[in-house]
Amino acid sequence: MTRPVFPIVRNACALILCMMAGVSSATDLWLANARIIDGTGTAPTGLRTVHLRDGKVLAIGKDAAPAGAIDLRGSYLLPGFIDAHTHIEDPASAERALRSGVTTTRVLGDAYLKGLATRDLVRQGNTPGPEMLVSAGHVRPVLGEAFVLSFPQFGRYLHAPLTGAEPVAEVVRAVIARGADVIKVGASERAGLASTDPRKPELSFEELSAAVNEAGAKGLYVAAHAHGAGGVNAAVRAGVRSIEHGTYADAATLQLMLEKGTFWVPTLAVMSPLGDPRGDHAEDIALQLRTYHMMKPLREGVRRAHALGIPVATGTDGTYGDGDATARIRIAHEIEELVKCGLTPLEAITAATANAARLLGVDARTGTVAPGKEADLLVVDRNPLEDTTTLFEPMLVVNNGEIILNRVGL
Ligand SMILES: [Zn+2]
């Protein structure tokens, strides 16, 4: 995609006028000598100065920056990453995600509503973190003890499954009333446990449709955890906005996803180490072998989906926590996995920025570097189109115009 030239010129003029007028306040910040990868899939620009004001990008121009600007010396400036599938449940994890360059995230499943509470602490300004959109639990036949303890009105599901369209709709209503930003449903069993079979369906098409309708009535959408071909197909037909994992999606379902505009968040990086014999799961041979065999259809599916034009978005499925199996997975891992599936590094970066922003419905505000957008930015020192490893170590992270991490001087 190419952007029209005139907004850049217009804003370059705005920058000059602003500088001539000597306008400068505490909320102004200039990032000078940046090569911009704006998130839309456009190649990097030449050297630019980015003027931030009041948490937003005010202008992007070619002019010399005023004194006090941060000189990026030709480094690469990108939109902050969007991690469209996490399980961030506490302030330390939220801060860790932010410092890794994630300025927006979608939390799809949290225990005891801890993701929801962390979101509220971040929104209130009590702790640093990315913008968080949170599902407040996971709607599936076996709701689990943490869910029932958070919603004791559903105590009847502690020892019995949630089944039927109206009961599912009732649970979705309660989750929305509790403050969810998105609904997560289970369309197939989990992969990360040896005791579950990820090919087995969970909620039926009718139950998934009830969730989609209930969420839609409140202006929200549904993300479906689905591995098995049948579960993925039922979820897509029911009208979910994104498929999470999607391991065994078949050709007919991919075609349907293309027609319906369904997003795919394949979470390759979390699946990959599960199957790594050097990984944390090495002692669990059954789980390890199964995941190893799941990677091939998953990678092949993503390759075909991308070739078809299905929008792919990045998600780590990680906690950003302290020590659990998924804690160390970063968006840069997922970008590297997407490149292995045939996306160019630039396309993989778009999956982590503009595509994910569209999925989350925040694209009017963030996900690209452009005047008027939130100043959610990331700077890396090498060209990530030539060396994606640079994405693991941001030099600078800016969230809503606030500098979160600054290694530029090092
Ligand atoms: Zn997950």
# chains A, B, ... in the order shown; residues from 1 in each chain; ligands from 1

call {"tool": "residues_near_ligand", "arguments": {"ligand": "ligand 1", "cutoff": "9 Å", "atoms": "only C-alpha atoms and all ligand atoms", "output": "PyMOL selection string"}}
result
chain A and resi 85-87+107-109+225+244-245+267+315-318

call {"tool": "write_last_selection", "arguments": {"atoms": "N, CA and C atoms", "output": "PDB file, in the first residue's frame"}}
result
ATOM      1  N   HIS A  85      -2.761 -11.957  21.120  1.00  0.00           N
ATOM      2  CA  HIS A  85      -3.181 -13.110  21.939  1.00  0.00           C
ATOM      3  C   HIS A  85      -2.184 -13.286  23.079  1.00  0.00           C
ATOM      4  N   THR A  86      -2.556 -12.788  24.245  1.00  0.00           N
ATOM      5  CA  THR A  86      -1.694 -12.994  25.420  1.00  0.00           C
ATOM      6  C   THR A  86      -2.544 -13.476  26.589  1.00  0.00           C
ATOM      7  N   HIS A  87      -1.826 -13.800  27.656  1.00  0.00           N
ATOM      8  CA  HIS A  87      -2.466 -14.150  28.920  1.00  0.00           C
ATOM      9  C   HIS A  87      -1.807 -13.332  30.038  1.00  0.00           C
ATOM     10  N   VAL A 107      -5.888  -9.710  25.646  1.00  0.00           N
ATOM     11  CA  VAL A 107      -5.728 -10.804  26.609  1.00  0.00           C
ATOM     12  C   VAL A 107      -6.904 -11.762  26.420  1.00  0.00           C
ATOM     13  N   LEU A 108      -6.598 -12.944  25.906  1.00  0.00           N
ATOM     14  CA  LEU A 108      -7.669 -13.904  25.598  1.00  0.00           C
ATOM     15  C   LEU A 108      -7.669 -15.033  26.623  1.00  0.00           C
ATOM     16  N   GLY A 109      -8.220 -14.749  27.767  1.00  0.00           N
ATOM     17  CA  GLY A 109      -8.288 -15.761  28.813  1.00  0.00           C
ATOM     18  C   GLY A 109      -7.388 -15.377  29.956  1.00  0.00           C
ATOM     19  N   HIS A 225     -10.739 -19.918  19.977  1.00  0.00           N
ATOM     20  CA  HIS A 225      -9.666 -20.901  20.087  1.00  0.00           C
ATOM     21  C   HIS A 225     -10.113 -22.126  19.300  1.00  0.00           C
ATOM     22  N   GLU A 244      -7.928 -18.359  16.522  1.00  0.00           N
ATOM     23  CA  GLU A 244      -6.685 -18.448  17.291  1.00  0.00           C
ATOM     24  C   GLU A 244      -6.145 -19.869  17.126  1.00  0.00           C
ATOM     25  N   HIS A 245      -4.935 -19.992  16.691  1.00  0.00           N
ATOM     26  CA  HIS A 245      -4.217 -21.252  16.413  1.00  0.00           C
ATOM     27  C   HIS A 245      -4.595 -21.770  15.015  1.00  0.00           C
ATOM     28  N   THR A 267      -0.330 -18.113  16.266  1.00  0.00           N
ATOM     29  CA  THR A 267       0.483 -18.380  17.478  1.00  0.00           C
ATOM     30  C   THR A 267       1.500 -19.500  17.234  1.00  0.00           C
ATOM     31  N   GLY A 315       0.316 -13.126  17.505  1.00  0.00           N
ATOM     32  CA  GLY A 315      -0.028 -13.356  18.904  1.00  0.00           C
ATOM     33  C   GLY A 315       0.979 -14.344  19.464  1.00  0.00           C
ATOM     34  N   THR A 316       1.425 -14.106  20.686  1.00  0.00           N
ATOM     35  CA  THR A 316       2.408 -15.021  21.291  1.00  0.00           C
ATOM     36  C   THR A 316       1.752 -16.132  22.089  1.00  0.00           C
ATOM     37  N   ASP A 317       0.503 -15.916  22.550  1.00  0.00           N
ATOM     38  CA  ASP A 317      -0.149 -16.824  23.500  1.00  0.00           C
ATOM     39  C   ASP A 317       0.653 -16.895  24.803  1.00  0.00           C
ATOM     40  N   GLY A 318       1.445 -15.864  25.065  1.00  0.00           N
ATOM     41  CA  GLY A 318       2.343 -15.892  26.219  1.00  0.00           C
ATOM     42  C   GLY A 318       1.831 -15.077  27.390  1.00  0.00           C
TER      43      GLY A 318
END

call {"tool": "residues_around", "arguments": {"residues": "Ile243 in chain A", "least_positions_apart": "4", "cutoff": "8 Å", "atoms": "only C-alpha atoms", "output": "ChimeraX atom specification"}}
result
/A:223-226,232,235-236,262-266

call {"tool": "write_last_selection", "arguments": {"atoms": "N, CA, C and O atoms", "output": "tab-separated table (two decimals), in the first residue's frame"}}
result
chain	number	residue	atom	x	y	z
A	223	ALA	N	-13.43	-14.06	19.48
A	223	ALA	CA	-12.20	-14.74	19.04
A	223	ALA	C	-12.35	-16.20	19.44
A	223	ALA	O	-12.70	-16.49	20.58
A	224	ALA	N	-12.06	-17.09	18.49
A	224	ALA	CA	-12.26	-18.52	18.77
A	224	ALA	C	-10.95	-19.27	18.83
A	224	ALA	O	-10.17	-19.26	17.87
A	225	HIS	N	-10.74	-19.92	19.98
A	225	HIS	CA	-9.67	-20.90	20.09
A	225	HIS	C	-10.11	-22.13	19.30
A	225	HIS	O	-11.16	-22.71	19.59
A	226	ALA	N	-9.33	-22.51	18.26
A	226	ALA	CA	-9.72	-23.67	17.47
A	226	ALA	C	-8.50	-24.29	16.80
A	226	ALA	O	-7.71	-23.59	16.17
A	232	VAL	N	-12.66	-25.18	13.64
A	232	VAL	CA	-12.31	-23.95	12.91
A	232	VAL	C	-13.45	-23.60	11.96
A	232	VAL	O	-13.90	-22.45	11.90
A	235	ALA	N	-16.54	-22.26	13.74
A	235	ALA	CA	-16.32	-20.90	14.27
A	235	ALA	C	-16.38	-19.87	13.15
A	235	ALA	O	-16.98	-18.80	13.30
A	236	VAL	N	-15.75	-20.19	12.02
A	236	VAL	CA	-15.76	-19.25	10.89
A	236	VAL	C	-17.19	-19.07	10.39
A	236	VAL	O	-17.65	-17.95	10.16
A	262	THR	N	-12.22	-13.17	7.91
A	262	THR	CA	-11.80	-13.66	9.21
A	262	THR	C	-10.28	-13.53	9.36
A	262	THR	O	-9.54	-13.89	8.45
A	263	PHE	N	-9.83	-13.03	10.49
A	263	PHE	CA	-8.40	-12.92	10.77
A	263	PHE	C	-7.89	-14.26	11.30
A	263	PHE	O	-8.64	-15.02	11.93
A	264	TRP	N	-6.57	-14.46	11.12
A	264	TRP	CA	-5.93	-15.67	11.67
A	264	TRP	C	-4.76	-15.26	12.56
A	264	TRP	O	-3.87	-14.53	12.13
A	265	VAL	N	-4.82	-15.71	13.80
A	265	VAL	CA	-3.72	-15.49	14.75
A	265	VAL	C	-3.12	-16.87	15.04
A	265	VAL	O	-3.59	-17.58	15.94
A	266	PRO	N	-2.13	-17.30	14.27
A	266	PRO	CA	-1.70	-18.71	14.34
A	266	PRO	C	-0.87	-19.08	15.57
A	266	PRO	O	-0.74	-20.27	15.86

call {"tool": "closest_atom_pairs", "arguments": {"of": "range 280-325 of chain A", "to": "range 253-257 of chain A", "cutoff": "9 Å", "atoms": "only C-alpha atoms", "output": "CSV"}}
result
residue,atom,partner,partner_atom,distance
A:Gly301,CA,A:Leu254,CA,8.3
A:Arg304,CA,A:Leu254,CA,8.2
A:Ala305,CA,A:Leu254,CA,6.4
A:Leu308,CA,A:Gln255,CA,8.0
A:Ile310,CA,A:Met257,CA,6.9

call {"tool": "residues_around", "arguments": {"residues": "range 248-250 of chain A", "least_positions_apart": "2", "cutoff": "6 Å", "atoms": "only C-alpha atoms", "output": "ChimeraX atom specification"}}
result
/A:227-229,246,252-253

call {"tool": "residues_around", "arguments": {"residues": "Ile404 in chain A", "least_positions_apart": "6", "cutoff": "7 Å", "atoms": "only C-alpha atoms", "output": "ChimeraX atom specification"}}
result
/A:99,397-398

call {"tool": "write_last_selection", "arguments": {"atoms": "all heavy atoms", "output": "PDB file, in the first residue's frame"}}
result
ATOM      1  N   ARG A  99       7.852  -3.127  27.703  1.00  0.00           N
ATOM      2  CA  ARG A  99       9.292  -2.901  27.487  1.00  0.00           C
ATOM      3  C   ARG A  99       9.837  -3.736  26.327  1.00  0.00           C
ATOM      4  O   ARG A  99      10.888  -3.408  25.771  1.00  0.00           O
ATOM      5  CB  ARG A  99      10.071  -3.171  28.777  1.00  0.00           C
ATOM      6  CG  ARG A  99       9.808  -2.109  29.841  1.00  0.00           C
ATOM      7  CD  ARG A  99      10.513  -2.443  31.141  1.00  0.00           C
ATOM      8  NE  ARG A  99      11.960  -2.425  31.014  1.00  0.00           N
ATOM      9  CZ  ARG A  99      12.735  -1.339  31.135  1.00  0.00           C
ATOM     10  NH1 ARG A  99      12.179  -0.167  31.367  1.00  0.00           N
ATOM     11  NH2 ARG A  99      14.047  -1.419  31.011  1.00  0.00           N
ATOM     12  N   VAL A 397      11.221   2.566  23.280  1.00  0.00           N
ATOM     13  CA  VAL A 397       9.797   2.234  23.226  1.00  0.00           C
ATOM     14  C   VAL A 397       9.027   3.455  23.719  1.00  0.00           C
ATOM     15  O   VAL A 397       9.339   4.001  24.789  1.00  0.00           O
ATOM     16  CB  VAL A 397       9.449   1.005  24.100  1.00  0.00           C
ATOM     17  CG1 VAL A 397       7.939   0.761  24.106  1.00  0.00           C
ATOM     18  CG2 VAL A 397      10.186  -0.242  23.611  1.00  0.00           C
ATOM     19  N   VAL A 398       8.065   3.884  22.920  1.00  0.00           N
ATOM     20  CA  VAL A 398       7.235   5.039  23.277  1.00  0.00           C
ATOM     21  C   VAL A 398       5.781   4.573  23.294  1.00  0.00           C
ATOM     22  O   VAL A 398       5.325   3.913  22.355  1.00  0.00           O
ATOM     23  CB  VAL A 398       7.416   6.175  22.248  1.00  0.00           C
ATOM     24  CG1 VAL A 398       6.526   7.362  22.591  1.00  0.00           C
ATOM     25  CG2 VAL A 398       8.875   6.613  22.167  1.00  0.00           C
TER      26      VAL A 398
END

call {"tool": "atom_distance", "arguments": {"atom1": "CA of Phe154 in chain A", "atom2": "CA of Ala210 in chain A"}}
result
17.6 Å

call {"tool": "atom_distance", "arguments": {"atom1": "CA of Lys296 in chain A", "atom2": "CA of Thr326 in chain A"}}
result
20.3 Å

call {"tool": "closest_residue", "arguments": {"among": "A:Ala332, A:Leu121, A:Val57, A:Ala177", "to": "Lys373 in chain A", "atoms": "only C-alpha atoms"}}
result
A:Val57

call {"tool": "select_by_dssp", "arguments": {"residues": "range 51-270 of chain A", "states": "helix (DSSP H, G or I)", "output": "NGL selection string"}}
result
:A and (91-99 or 111-123 or 145-150 or 152-157 or 165-177 or 205-217 or 229-238 or 251-260 or 268-270)

call {"tool": "select_by_dssp", "arguments": {"residues": "range 212-245 of chain A", "states": "strand (DSSP E or B)", "output": "MDAnalysis selection string"}}
result
chainID A and resid 222:226 242:245

call {"tool": "closest_residue", "arguments": {"among": "A:Asn383, A:Leu149, A:Thr389, A:Glu214", "to": "Thr45 in chain A", "atoms": "only C-alpha atoms"}}
result
A:Asn383

call {"tool": "residues_around", "arguments": {"residues": "range 346-358 of chain A", "least_positions_apart": "4", "cutoff": "9 Å", "atoms": "only C-alpha atoms", "output": "PyMOL selection string"}}
result
chain A and resi 37-43+78-84+104+263+265+311-315+331+334-339+362-368+384-385

call {"tool": "closest_residue", "arguments": {"among": "A:Gly61, A:Gly155, A:Gly101, A:Pro167", "to": "Glu393 in chain A", "atoms": "only C-alpha atoms"}}
result
A:Gly101

call {"tool": "residues_around", "arguments": {"residues": "range 190-194 of chain A", "least_positions_apart": "6", "cutoff": "9 Å", "atoms": "only C-alpha atoms", "output": "short mmCIF file (atom, residue, chain, number, x, y, z; two decimals) with N, CA, C and O atoms, in the first residue's frame"}}
result
data_model
loop_
_atom_site.label_atom_id
_atom_site.label_comp_id
_atom_site.auth_asym_id
_atom_site.auth_seq_id
_atom_site.Cartn_x
_atom_site.Cartn_y
_atom_site.Cartn_z
N LYS A 200 -10.59 -32.33 18.85
CA LYS A 200 -11.99 -32.48 19.27
C LYS A 200 -12.70 -31.14 19.37
O LYS A 200 -12.20 -30.20 19.97
N HIS A 225 -10.74 -19.92 19.98
CA HIS A 225 -9.67 -20.90 20.09
C HIS A 225 -10.11 -22.13 19.30
O HIS A 225 -11.16 -22.71 19.59
N ALA A 226 -9.33 -22.51 18.26
CA ALA A 226 -9.72 -23.67 17.47
C ALA A 226 -8.50 -24.29 16.80
O ALA A 226 -7.71 -23.59 16.17
N HIS A 227 -8.35 -25.58 16.98
CA HIS A 227 -7.29 -26.33 16.29
C HIS A 227 -7.89 -27.24 15.21
O HIS A 227 -7.45 -27.24 14.07
N MET A 271 3.53 -22.75 19.76
CA MET A 271 3.42 -24.16 19.38
C MET A 271 4.80 -24.76 19.13
O MET A 271 5.08 -25.90 19.49
N LEU A 274 6.82 -26.01 22.15
CA LEU A 274 6.17 -27.18 22.76
C LEU A 274 6.73 -28.45 22.13
O LEU A 274 6.85 -29.49 22.77
N ASP A 284 7.60 -34.51 28.74
CA ASP A 284 6.28 -35.00 28.35
C ASP A 284 6.32 -35.43 26.88
O ASP A 284 6.03 -34.66 25.98
N ALA A 286 4.55 -37.46 25.01
CA ALA A 286 3.31 -37.47 24.20
C ALA A 286 2.99 -36.07 23.69
O ALA A 286 2.70 -35.87 22.50
N LEU A 287 3.08 -35.10 24.57
CA LEU A 287 2.77 -33.72 24.22
C LEU A 287 3.77 -33.21 23.18
O LEU A 287 3.41 -32.57 22.20
N GLN A 288 5.02 -33.56 23.41
CA GLN A 288 6.09 -33.10 22.53
C GLN A 288 5.91 -33.66 21.11
O GLN A 288 5.99 -32.92 20.12
N ARG A 290 3.15 -34.84 19.76
CA ARG A 290 1.93 -34.35 19.13
C ARG A 290 2.15 -32.94 18.57
O ARG A 290 1.73 -32.64 17.45
N THR A 291 2.78 -32.09 19.36
CA THR A 291 2.98 -30.72 18.90
C THR A 291 3.90 -30.68 17.69
O THR A 291 3.69 -29.91 16.75
#
